[in-house]
file protein_14.pdb (PDB, C-alpha atoms)
ATOM      1  CA  MET E   1     -25.032  59.273 163.868
ATOM      2  CA  ALA E   2     -22.335  60.160 166.379
ATOM      3  CA  GLY E   3     -18.730  59.607 165.328
ATOM      4  CA  THR E   4     -16.777  56.686 166.705
ATOM      5  CA  GLY E   5     -13.536  58.518 167.398
ATOM      6  CA  ALA E   6     -11.177  61.164 166.111
ATOM      7  CA  VAL E   7     -10.261  61.296 162.440
ATOM      8  CA  GLU E   8      -6.541  60.835 161.781
ATOM      9  CA  VAL E   9      -4.785  62.178 158.684
ATOM     10  CA  ALA E  10      -1.301  61.030 157.687
ATOM     11  CA  ARG E  11       0.951  61.261 154.627
ATOM     12  CA  LEU E  12       1.829  57.913 153.050
ATOM     13  CA  GLY E  13       3.930  58.162 149.925
ATOM     14  CA  GLY E  14       1.945  60.030 147.311
ATOM     15  CA  LEU E  15      -1.285  59.979 149.328
ATOM     16  CA  TRP E  16      -2.918  61.715 152.230
ATOM     17  CA  ARG E  17      -4.641  58.942 154.160
ATOM     18  CA  VAL E  18      -7.668  59.420 156.464
ATOM     19  CA  THR E  19      -8.824  56.895 159.053
ATOM     20  CA  ARG E  20     -11.105  56.670 162.067
ATOM     21  CA  PRO E  21     -11.855  53.794 164.490
ATOM     22  CA  TRP E  22     -14.415  51.499 162.930
ATOM     23  CA  HIS E  23     -18.006  51.530 164.134
ATOM     24  CA  PRO E  24     -18.565  48.476 166.388
ATOM     25  CA  GLY E  25     -21.490  47.380 164.241
ATOM     26  CA  LEU E  26     -19.264  47.239 161.157
ATOM     27  CA  ARG E  27     -16.192  45.665 162.714
ATOM     28  CA  PRO E  28     -17.178  41.985 162.175
ATOM     29  CA  TYR E  29     -17.556  42.569 158.436
ATOM     30  CA  LEU E  30     -14.541  44.768 157.638
ATOM     31  CA  ARG E  31     -10.887  44.274 156.814
ATOM     32  CA  SER E  32     -10.075  47.847 155.754
ATOM     33  CA  TYR E  33     -11.786  51.261 155.806
ATOM     34  CA  VAL E  34      -9.785  54.281 154.683
ATOM     35  CA  GLY E  35     -10.211  57.575 152.843
ATOM     36  CA  TYR E  36      -7.447  59.102 150.769
ATOM     37  CA  TRP E  37      -6.515  61.748 148.235
ATOM     38  CA  GLU E  38      -3.435  62.398 146.149
ATOM     39  CA  ALA E  39      -0.875  64.843 147.474
ATOM     40  CA  VAL E  40       0.079  65.675 143.881
ATOM     41  CA  PRO E  41      -2.258  64.521 141.088
ATOM     42  CA  THR E  42      -0.288  62.002 139.032
ATOM     43  CA  PRO E  43      -1.395  59.505 136.377
ATOM     44  CA  TYR E  44      -0.583  55.943 137.389
ATOM     45  CA  GLU E  45      -0.950  52.303 136.464
ATOM     46  CA  VAL E  46      -0.748  49.398 138.878
ATOM     47  CA  ARG E  47      -1.393  45.684 138.914
ATOM     48  CA  LEU E  48      -3.916  44.691 141.575
ATOM     49  CA  VAL E  49      -3.491  41.179 142.954
ATOM     50  CA  PRO E  50      -6.092  39.094 144.826
ATOM     51  CA  THR E  51      -6.486  39.818 148.543
ATOM     52  CA  GLY E  52      -9.203  37.387 149.613
ATOM     53  CA  ARG E  53     -11.519  40.359 150.224
ATOM     54  CA  ALA E  54     -14.334  42.147 148.414
ATOM     55  CA  THR E  55     -13.997  45.882 147.804
ATOM     56  CA  LEU E  56     -16.339  48.869 147.763
ATOM     57  CA  LEU E  57     -14.658  51.994 146.407
ATOM     58  CA  ILE E  58     -16.427  55.353 146.602
ATOM     59  CA  SER E  59     -14.873  57.757 144.098
ATOM     60  CA  LEU E  60     -15.087  61.390 145.189
ATOM     61  CA  ALA E  61     -13.192  62.948 142.278
ATOM     62  CA  GLU E  62     -11.706  61.671 139.008
ATOM     63  CA  PRO E  63     -12.832  58.192 137.840
ATOM     64  CA  PHE E  64     -10.517  55.348 136.836
ATOM     65  CA  SER E  65      -9.639  55.240 133.156
ATOM     66  CA  GLN E  66     -10.043  51.482 133.241
ATOM     67  CA  VAL E  67      -9.828  48.401 135.428
ATOM     68  CA  ARG E  68      -8.919  45.432 133.217
ATOM     69  CA  ARG E  69      -8.969  41.850 134.517
ATOM     70  CA  LEU E  70      -6.173  39.767 133.030
ATOM     71  CA  GLY E  71      -7.061  36.419 131.508
ATOM     72  CA  MET E  72     -10.704  37.356 130.900
ATOM     73  CA  PRO E  73     -11.888  38.261 127.380
ATOM     74  CA  GLY E  74     -13.628  41.624 127.441
ATOM     75  CA  GLY E  75     -12.565  42.108 131.053
ATOM     76  CA  GLY E  76     -12.057  45.884 130.786
ATOM     77  CA  SER E  77     -14.412  48.205 132.638
ATOM     78  CA  GLY E  78     -13.879  51.360 130.609
ATOM     79  CA  SER E  79     -14.061  54.619 132.574
ATOM     80  CA  ILE E  80     -15.518  53.848 136.011
ATOM     81  CA  GLY E  81     -15.886  55.845 139.208
ATOM     82  CA  SER E  82     -17.429  54.273 142.311
ATOM     83  CA  LEU E  83     -17.293  50.521 142.044
ATOM     84  CA  VAL E  84     -17.657  47.093 143.601
ATOM     85  CA  VAL E  85     -15.087  44.310 143.182
ATOM     86  CA  GLY E  86     -15.859  40.723 144.129
ATOM     87  CA  LEU E  87     -13.352  38.087 145.183
ATOM     88  CA  GLU E  88     -10.583  37.473 142.661
ATOM     89  CA  ASP E  89      -8.180  34.711 141.727
ATOM     90  CA  ARG E  90      -6.330  36.587 138.984
ATOM     91  CA  PRO E  91      -4.722  40.040 138.659
ATOM     92  CA  ALA E  92      -6.116  43.231 137.177
ATOM     93  CA  ILE E  93      -4.527  46.327 135.652
ATOM     94  CA  CYS E  94      -5.818  49.601 137.065
ATOM     95  CA  THR E  95      -5.143  52.933 135.346
ATOM     96  CA  HIS E  96      -6.054  56.390 136.596
ATOM     97  CA  PRO E  97      -5.505  59.856 135.045
ATOM     98  CA  GLY E  98      -4.588  61.438 138.397
ATOM     99  CA  GLY E  99      -6.513  63.556 140.856
ATOM    100  CA  GLN E 100      -7.970  60.638 142.775
ATOM    101  CA  GLU E 101      -9.934  61.074 146.022
ATOM    102  CA  ALA E 102     -11.852  58.118 147.401
ATOM    103  CA  ILE E 103     -12.999  55.946 150.278
ATOM    104  CA  ARG E 104     -11.969  52.307 150.013
ATOM    105  CA  VAL E 105     -13.761  49.705 152.147
ATOM    106  CA  GLU E 106     -12.706  46.047 152.103
ATOM    107  CA  PHE E 107     -15.022  43.351 153.451
ATOM    108  CA  THR E 108     -14.745  39.763 154.493
ATOM    109  CA  PRO E 109     -16.373  37.565 151.837
ATOM    110  CA  LEU E 110     -19.406  36.852 154.032
ATOM    111  CA  GLY E 111     -19.607  40.489 155.083
ATOM    112  CA  ALA E 112     -19.787  41.399 151.398
ATOM    113  CA  TYR E 113     -22.449  38.727 150.805
ATOM    114  CA  ARG E 114     -24.571  40.327 153.495
ATOM    115  CA  LEU E 115     -23.919  43.875 152.278
ATOM    116  CA  PHE E 116     -24.451  43.326 148.562
ATOM    117  CA  GLY E 117     -27.440  41.017 149.033
ATOM    118  CA  LEU E 118     -26.783  38.830 146.007
ATOM    119  CA  PRO E 119     -24.785  35.670 145.249
ATOM    120  CA  MET E 120     -21.104  36.559 145.483
ATOM    121  CA  SER E 121     -20.465  34.233 142.543
ATOM    122  CA  GLU E 122     -22.071  36.922 140.355
ATOM    123  CA  LEU E 123     -19.234  39.315 141.258
ATOM    124  CA  THR E 124     -16.234  36.986 140.973
ATOM    125  CA  ASN E 125     -13.302  38.630 139.133
ATOM    126  CA  LEU E 126     -15.552  41.531 138.117
ATOM    127  CA  THR E 127     -15.405  45.305 138.587
ATOM    128  CA  ILE E 128     -18.934  46.707 138.533
ATOM    129  CA  GLU E 129     -20.398  50.201 138.801
ATOM    130  CA  ILE E 130     -21.767  50.700 142.313
ATOM    131  CA  ARG E 131     -25.339  51.487 141.169
ATOM    132  CA  ASP E 132     -25.539  48.141 139.372
ATOM    133  CA  VAL E 133     -24.940  46.320 142.665
ATOM    134  CA  LEU E 134     -26.396  48.552 145.375
ATOM    135  CA  GLY E 135     -29.102  50.320 143.385
ATOM    136  CA  PRO E 136     -29.884  53.989 142.609
ATOM    137  CA  GLU E 137     -29.656  54.986 146.270
ATOM    138  CA  ALA E 138     -25.926  54.254 146.091
ATOM    139  CA  GLY E 139     -25.586  56.965 143.463
ATOM    140  CA  PHE E 140     -27.312  59.462 145.756
ATOM    141  CA  LEU E 141     -24.972  58.445 148.577
ATOM    142  CA  VAL E 142     -21.913  59.057 146.388
ATOM    143  CA  GLU E 143     -23.246  62.516 145.519
ATOM    144  CA  ARG E 144     -23.746  63.364 149.201
ATOM    145  CA  LEU E 145     -20.284  62.110 150.118
ATOM    146  CA  THR E 146     -18.716  64.111 147.301
ATOM    147  CA  ALA E 147     -20.512  67.281 148.380
ATOM    148  CA  THR E 148     -19.470  66.791 152.027
ATOM    149  CA  ARG E 149     -15.930  68.058 152.525
ATOM    150  CA  ASP E 150     -15.564  67.136 156.209
ATOM    151  CA  TRP E 151     -14.094  63.629 156.555
ATOM    152  CA  ALA E 152     -15.770  62.878 159.898
ATOM    153  CA  ALA E 153     -19.151  63.719 158.365
ATOM    154  CA  ARG E 154     -18.307  61.576 155.339
ATOM    155  CA  PHE E 155     -17.525  58.589 157.530
ATOM    156  CA  ASP E 156     -20.752  59.157 159.482
ATOM    157  CA  LEU E 157     -22.817  59.115 156.273
ATOM    158  CA  LEU E 158     -21.137  55.985 154.958
ATOM    159  CA  ASP E 159     -21.327  54.194 158.315
ATOM    160  CA  GLU E 160     -25.055  54.827 158.465
ATOM    161  CA  ALA E 161     -25.621  53.533 154.924
ATOM    162  CA  LEU E 162     -23.506  50.425 155.481
ATOM    163  CA  LEU E 163     -25.147  49.589 158.814
ATOM    164  CA  ASP E 164     -28.599  49.919 157.260
ATOM    165  CA  ARG E 165     -27.791  47.538 154.394
ATOM    166  CA  LEU E 166     -26.032  45.037 156.647
ATOM    167  CA  GLY E 167     -29.020  45.052 158.964
ATOM    168  CA  HIS E 168     -31.306  43.954 156.138
ATOM    169  CA  GLY E 169     -28.910  41.693 154.238
ATOM    170  CA  PRO E 170     -29.093  37.897 153.867
ATOM    171  CA  GLU E 171     -27.729  35.796 156.698
ATOM    172  CA  PRO E 172     -24.860  33.540 155.575
ATOM    173  CA  SER E 173     -25.224  29.829 156.248
ATOM    174  CA  PRO E 174     -23.512  28.840 159.519
ATOM    175  CA  GLU E 175     -21.932  25.925 157.669
ATOM    176  CA  VAL E 176     -20.416  28.222 155.053
ATOM    177  CA  GLY E 177     -19.188  30.534 157.788
ATOM    178  CA  HIS E 178     -17.553  27.618 159.584
ATOM    179  CA  ALA E 179     -16.048  26.332 156.336
ATOM    180  CA  TRP E 180     -14.554  29.763 155.612
ATOM    181  CA  GLN E 181     -13.123  29.988 159.130
ATOM    182  CA  LEU E 182     -11.486  26.580 158.735
ATOM    183  CA  LEU E 183     -10.072  27.390 155.315
ATOM    184  CA  SER E 184      -8.888  30.918 156.076
ATOM    185  CA  GLY E 185      -7.613  29.964 159.529
ATOM    186  CA  SER E 186      -5.370  27.332 157.964
ATOM    187  CA  ALA E 187      -4.313  29.628 155.086
ATOM    188  CA  GLY E 188      -5.802  27.171 152.618
ATOM    189  CA  ALA E 189      -4.075  24.104 154.044
ATOM    190  CA  ILE E 190      -7.102  22.018 155.106
ATOM    191  CA  PRO E 191      -8.334  19.539 152.437
ATOM    192  CA  ILE E 192     -11.801  20.291 151.113
ATOM    193  CA  ALA E 193     -12.947  16.767 152.033
ATOM    194  CA  GLY E 194     -12.011  17.453 155.644
ATOM    195  CA  ILE E 195     -13.954  20.712 155.672
ATOM    196  CA  ALA E 196     -17.028  19.014 154.206
ATOM    197  CA  ALA E 197     -16.870  16.319 156.860
ATOM    198  CA  GLU E 198     -16.483  18.945 159.585
ATOM    199  CA  VAL E 199     -19.583  20.901 158.530
ATOM    200  CA  GLY E 200     -21.623  17.780 157.758
ATOM    201  CA  TRP E 201     -22.190  18.394 154.050
ATOM    202  CA  SER E 202     -21.217  16.456 150.946
ATOM    203  CA  GLN E 203     -18.318  17.948 148.996
ATOM    204  CA  GLY E 204     -20.595  18.808 146.075
ATOM    205  CA  TYR E 205     -23.119  20.610 148.248
ATOM    206  CA  LEU E 206     -20.353  22.434 150.136
ATOM    207  CA  ILE E 207     -18.825  23.627 146.858
ATOM    208  CA  ARG E 208     -22.169  24.957 145.585
ATOM    209  CA  ARG E 209     -23.148  26.806 148.754
ATOM    210  CA  PHE E 210     -19.604  28.042 149.464
ATOM    211  CA  THR E 211     -19.178  29.415 145.936
ATOM    212  CA  GLN E 212     -22.559  31.160 146.078
ATOM    213  CA  GLN E 213     -21.816  32.969 149.345
ATOM    214  CA  ILE E 214     -18.016  33.443 149.141
ATOM    215  CA  GLY E 215     -17.582  34.000 145.413
ATOM    216  CA  LEU E 216     -14.781  31.520 144.765
ATOM    217  CA  THR E 217     -14.867  27.749 145.033
ATOM    218  CA  PRO E 218     -13.173  26.269 148.116
ATOM    219  CA  LYS E 219     -10.269  25.136 145.905
ATOM    220  CA  ALA E 220      -9.810  28.579 144.342
ATOM    221  CA  SER E 221     -10.110  30.217 147.765
ATOM    222  CA  ALA E 222      -7.430  27.900 149.125
ATOM    223  CA  ARG E 223      -5.109  28.909 146.264
ATOM    224  CA  VAL E 224      -5.560  32.608 147.028
ATOM    225  CA  LEU E 225      -5.092  32.044 150.766
ATOM    226  CA  ARG E 226      -1.848  30.103 150.203
ATOM    227  CA  PHE E 227      -0.668  32.878 147.896
ATOM    228  CA  ARG E 228      -1.456  35.539 150.507
ATOM    229  CA  ARG E 229       0.453  33.608 153.150
ATOM    230  CA  ALA E 230       3.464  33.350 150.855
ATOM    231  CA  VAL E 231       3.297  37.110 150.216
ATOM    232  CA  ALA E 232       3.177  37.747 153.979
ATOM    233  CA  LEU E 233       6.266  35.588 154.497
ATOM    234  CA  LEU E 234       8.093  37.449 151.737
ATOM    235  CA  ASP E 235       7.079  40.753 153.314
ATOM    236  CA  GLY E 236       8.391  39.468 156.646
ATOM    237  CA  GLY E 237      11.846  38.928 155.188
ATOM    238  CA  ALA E 238      11.744  35.223 154.337
ATOM    239  CA  THR E 239      14.204  34.595 151.510
ATOM    240  CA  SER E 240      14.129  30.839 150.970
ATOM    241  CA  LEU E 241      11.502  30.078 148.337
ATOM    242  CA  THR E 242      11.924  26.389 149.063
ATOM    243  CA  GLU E 243      11.043  26.976 152.717
ATOM    244  CA  ILE E 244       8.112  29.214 151.802
ATOM    245  CA  SER E 245       6.852  26.539 149.410
ATOM    246  CA  THR E 246       6.923  23.927 152.163
ATOM    247  CA  VAL E 247       5.311  26.136 154.808
ATOM    248  CA  CYS E 248       2.503  27.292 152.497
ATOM    249  CA  GLY E 249       1.662  23.867 151.098
ATOM    250  CA  PHE E 250       3.056  24.180 147.574
ATOM    251  CA  TYR E 251       4.490  21.026 146.038
ATOM    252  CA  ASP E 252       7.827  22.683 145.322
ATOM    253  CA  GLN E 253       9.369  25.994 144.283
ATOM    254  CA  ALA E 254       8.248  25.514 140.691
ATOM    255  CA  HIS E 255       4.660  25.164 141.899
ATOM    256  CA  LEU E 256       5.060  28.364 143.951
ATOM    257  CA  ASN E 257       6.329  30.243 140.898
ATOM    258  CA  ARG E 258       3.468  28.977 138.721
ATOM    259  CA  GLU E 259       0.872  30.060 141.290
ATOM    260  CA  PHE E 260       2.409  33.538 141.583
ATOM    261  CA  ARG E 261       2.278  33.935 137.804
ATOM    262  CA  ALA E 262      -1.340  32.745 137.652
ATOM    263  CA  ILE E 263      -2.628  34.756 140.620
ATOM    264  CA  ALA E 264      -0.421  37.867 140.529
ATOM    265  CA  GLY E 265       0.994  37.911 137.003
ATOM    266  CA  THR E 266       4.551  38.096 138.340
ATOM    267  CA  THR E 267       7.193  36.068 140.157
ATOM    268  CA  PRO E 268       7.944  36.079 143.909
ATOM    269  CA  GLY E 269      11.263  37.826 143.289
ATOM    270  CA  ARG E 270       9.769  40.568 141.155
ATOM    271  CA  MET E 271       6.953  41.092 143.642
ATOM    272  CA  VAL E 272       9.449  41.607 146.461
ATOM    273  CA  ALA E 273      11.415  44.111 144.382
ATOM    274  CA  ALA E 274       8.365  46.082 143.215
ATOM    275  CA  ARG E 275       6.964  49.058 145.071
ATOM    276  CA  ARG E 276       3.591  47.985 146.403
ATOM    277  CA  VAL E 277       0.991  48.649 149.060
ATOM    278  CA  GLU E 278      -1.935  46.379 149.919
ATOM    279  CA  GLY E 279      -2.020  44.268 146.803
ATOM    280  CA  ALA E 280      -0.938  46.904 144.257
ATOM    281  CA  VAL E 281       2.267  46.299 142.304
ATOM    282  CA  ALA E 282       3.829  49.175 140.383
ATOM    283  CA  LEU E 283       4.137  48.444 136.653
ATOM    284  CA  SER E 284       6.473  51.256 135.629
ATOM    285  CA  GLY E 285       8.734  53.915 137.038
ATOM    286  CA  SER E 286       5.925  56.468 136.848
ATOM    287  CA  ALA E 287       3.462  54.284 138.733
ATOM    288  CA  ASN E 288       2.982  54.922 142.410
ATOM    289  CA  SER E 289       1.856  51.773 144.203
ATOM    290  CA  SER E 290       0.579  53.790 147.125
ATOM    291  CA  LYS E 291      -2.237  55.044 144.925
ATOM    292  CA  THR E 292      -4.346  52.208 146.268
ATOM    293  CA  ALA E 293      -4.908  52.979 149.901
ATOM    294  CA  PRO E 294      -3.550  50.502 152.432
ATOM    295  CA  ALA E 295      -5.691  48.767 155.009
ATOM    296  CA  ALA E 296      -6.581  50.754 158.102
ATOM    297  CA  ALA E 297      -5.331  49.342 161.374
ATOM    298  CA  ARG E 298      -7.957  47.616 163.434
TER
END

call {"tool": "encode", "arguments": {"input": "protein_14.pdb", "output": "structure tokens"}}
result
Amino acid sequence: MAGTGAVEVARLGGLWRVTRPWHPGLRPYLRSYVGYWEAVPTPYEVRLVPTGRATLLISLAEPFSQVRRLGMPGGGSGSIGSLVVGLEDRPAICTHPGGQEAIRVEFTPLGAYRLFGLPMSELTNLTIEIRDVLGPEAGFLVERLTATRDWAARFDLLDEALLDRLGHGPEPSPEVGHAWQLLSGSAGAIPIAGIAAEVGWSQGYLIRRFTQQIGLTPKASARVLRFRRAVALLDGGATSLTEISTVCGFYDQAHLNREFRAIAGTTPGRMVAARRVEGAVALSGSANSSKTAPAAAR
């Protein structure tokens, strides 16, 4: 498969970051596609907060020591290399011994549904070994990517594998697609009853089909979307939590604080002060939040 443009390499904090223009056939399904490796191998621990996306991470070197979902009994993965993460509505703690090299691909929920070929509700708040989701051929792909040192060739191999799976994956329901567009386009502000009326389904049927194909219920998705909008406003320099609460549809500042604690495990003020990149919040002075690669520009 011919490349889709020149590979670009740039230093970002403690990482070397590798990107290339996305293949046109993948673009509708992606939100991020980036390779990276550590400039200096360093152990780290970060809190990962929900992004409203599903993640495929191809590990090309040292595996994670553990990815542990907070608020879920037995939610620790143990040592895990290449992995799949479904949609989340609670934080996780990610630890790594250092020496990480990987490709991180983030998908829209319906793009992930098509790629993974199974109900997204089976992946909600879970971190799963890639072979257990994509089959043995995924393990062979990881081996080929690890053995290939040229980043353009790596991207070519992964593009080809992703395009093949997407081409044979299940087609999302148009009604679910429309419901997701309404909900995400409003940052979680549209009432579920209004969405159901718009797509012509009962609320109960909408909830069942939406949860199966997105991974979270409409209500849980709306919570994460409101949270993400609040984070974006904080990142943009907004300082009035009362104003952010009003704009994002929280009842008041206390409601905003409760949602941040439930979804991110921290407060808005602490999240602003922490070093973070693309959903990762540093937990200690030794943690480097840039260890999780940021989203590639479209």

call {"tool": "atom_distance", "arguments": {"input": "protein_14.pdb", "atom1": "CA of Pro43 (chain E)", "atom2": "CA of Ile93 (chain E)"}}
result
13.6 Å

call {"tool": "closest_residue", "arguments": {"input": "protein_14.pdb", "among": "E:Val40, E:Met72, E:Ala102, E:Ile214", "to": "Ser173 (chain E)", "atoms": "all atoms listed in the file"}}
result
E:Ile214

call {"tool": "residues_around", "arguments": {"input": "protein_14.pdb", "residues": "region 124-136 of chain E", "least_positions_apart": "4", "cutoff": "6 Å", "atoms": "all atoms listed in the file", "output": "PyMOL selection string"}}
result
chain E and resi 82-88+215

call {"tool": "resolve_selection", "arguments": {"input": "protein_14.pdb", "expression": "the PyMOL selection byres ((chain E and resi 13-27) around 8)", "output": "PyMOL selection string"}}
result
chain E and resi 4-12+28-30+33-40+151+159+162-163+288+290-291+293+296+298

call {"tool": "closest_residue", "arguments": {"input": "protein_14.pdb", "among": "E:Pro41, E:Pro268, E:Gly74, E:Pro170", "to": "Thr239 (chain E)", "atoms": "all atoms listed in the file"}}
result
E:Pro268

call {"tool": "atom_distance", "arguments": {"input": "protein_14.pdb", "atom1": "CA of Gly71 (chain E)", "atom2": "CA of Phe250 (chain E)"}}
result
22.6 Å

call {"tool": "atom_distance", "arguments": {"input": "protein_14.pdb", "atom1": "CA of Arg228 (chain E)", "atom2": "CA of Ala189 (chain E)"}}
result
12.3 Å

call {"tool": "closest_residue", "arguments": {"input": "protein_14.pdb", "among": "E:Ala197, E:Ala232, E:Leu56, E:Val224", "to": "Leu123 (chain E)", "atoms": "all atoms listed in the file"}}
result
E:Leu56

call {"tool": "resolve_selection", "arguments": {"input": "protein_14.pdb", "expression": "the PyMOL selection byres ((chain E and resi 188) around 8)", "output": "MDAnalysis selection string"}}
result
chainID E and resid 183:187 189:190 221:226

call {"tool": "closest_residue", "arguments": {"input": "protein_14.pdb", "among": "E:Ala264, E:Val67, E:Leu60, E:Leu182", "to": "Glu101 (chain E)", "atoms": "only C-alpha atoms"}}
result
E:Leu60

call {"tool": "residues_around", "arguments": {"input": "protein_14.pdb", "residues": "Glu143 (chain E)", "least_positions_apart": "6", "cutoff": "10 Å", "atoms": "all atoms listed in the file", "output": "NGL selection string"}}
result
:E and (58-60 or 137)

call {"tool": "residues_around", "arguments": {"input": "protein_14.pdb", "residues": "Gln203 (chain E)", "least_positions_apart": "3", "cutoff": "12 Å", "atoms": "only C-alpha atoms", "output": "ChimeraX atom specification"}}
result
/E:179,191-200,206-211,217-219

call {"tool": "build_atoms", "arguments": {"input": "protein_14.pdb", "residues": "region 145-152 of chain E", "atoms": "all heavy atoms", "output": "short mmCIF file (atom, residue, chain, number, x, y, z; two decimals), in the coordinates of the input"}}
result
data_model
loop_
_atom_site.label_atom_id
_atom_site.label_comp_id
_atom_site.auth_asym_id
_atom_site.auth_seq_id
_atom_site.Cartn_x
_atom_site.Cartn_y
_atom_site.Cartn_z
N LEU E 145 -21.65 62.22 149.60
CA LEU E 145 -20.28 62.11 150.12
C LEU E 145 -19.35 63.06 149.38
O LEU E 145 -18.47 63.68 150.00
CB LEU E 145 -19.79 60.67 149.97
CG LEU E 145 -20.44 59.63 150.88
CD1 LEU E 145 -20.07 58.23 150.44
CD2 LEU E 145 -20.03 59.85 152.33
N THR E 146 -19.56 63.20 148.08
CA THR E 146 -18.72 64.11 147.30
C THR E 146 -18.94 65.56 147.71
O THR E 146 -17.99 66.35 147.81
CB THR E 146 -19.01 63.94 145.80
OG1 THR E 146 -18.78 62.57 145.42
CG2 THR E 146 -18.12 64.84 144.97
N ALA E 147 -20.19 65.91 148.00
CA ALA E 147 -20.51 67.28 148.38
C ALA E 147 -20.09 67.60 149.80
O ALA E 147 -19.97 68.78 150.17
CB ALA E 147 -22.01 67.52 148.22
N THR E 148 -19.87 66.60 150.62
CA THR E 148 -19.47 66.79 152.03
C THR E 148 -17.96 66.82 152.11
O THR E 148 -17.29 65.83 151.80
CB THR E 148 -20.02 65.64 152.91
OG1 THR E 148 -21.43 65.59 152.77
CG2 THR E 148 -19.65 65.84 154.36
N ARG E 149 -17.38 67.92 152.52
CA ARG E 149 -15.93 68.06 152.52
C ARG E 149 -15.30 67.62 153.84
O ARG E 149 -14.11 67.34 153.89
CB ARG E 149 -15.54 69.52 152.25
CG ARG E 149 -16.07 70.08 150.95
CD ARG E 149 -15.76 69.18 149.76
NE ARG E 149 -14.32 68.93 149.61
CZ ARG E 149 -13.80 68.04 148.78
NH1 ARG E 149 -14.61 67.28 148.04
NH2 ARG E 149 -12.50 67.89 148.69
N ASP E 150 -16.09 67.53 154.90
CA ASP E 150 -15.56 67.14 156.21
C ASP E 150 -15.48 65.60 156.28
O ASP E 150 -16.48 64.91 156.07
CB ASP E 150 -16.48 67.66 157.32
CG ASP E 150 -16.00 67.24 158.70
OD1 ASP E 150 -15.01 67.83 159.17
OD2 ASP E 150 -16.60 66.30 159.27
N TRP E 151 -14.28 65.08 156.58
CA TRP E 151 -14.09 63.63 156.56
C TRP E 151 -14.86 62.91 157.66
O TRP E 151 -15.37 61.81 157.45
CB TRP E 151 -12.61 63.28 156.62
CG TRP E 151 -11.97 63.38 155.27
CD1 TRP E 151 -11.25 64.42 154.75
CD2 TRP E 151 -12.02 62.39 154.24
NE1 TRP E 151 -10.84 64.15 153.47
CE2 TRP E 151 -11.30 62.91 153.12
CE3 TRP E 151 -12.59 61.13 154.14
CZ2 TRP E 151 -11.14 62.19 151.93
CZ3 TRP E 151 -12.44 60.42 152.95
CH2 TRP E 151 -11.72 60.94 151.87
N ALA E 152 -14.98 63.51 158.83
CA ALA E 152 -15.77 62.88 159.90
C ALA E 152 -17.23 62.74 159.47
O ALA E 152 -17.86 61.69 159.69
CB ALA E 152 -15.66 63.69 161.19
#
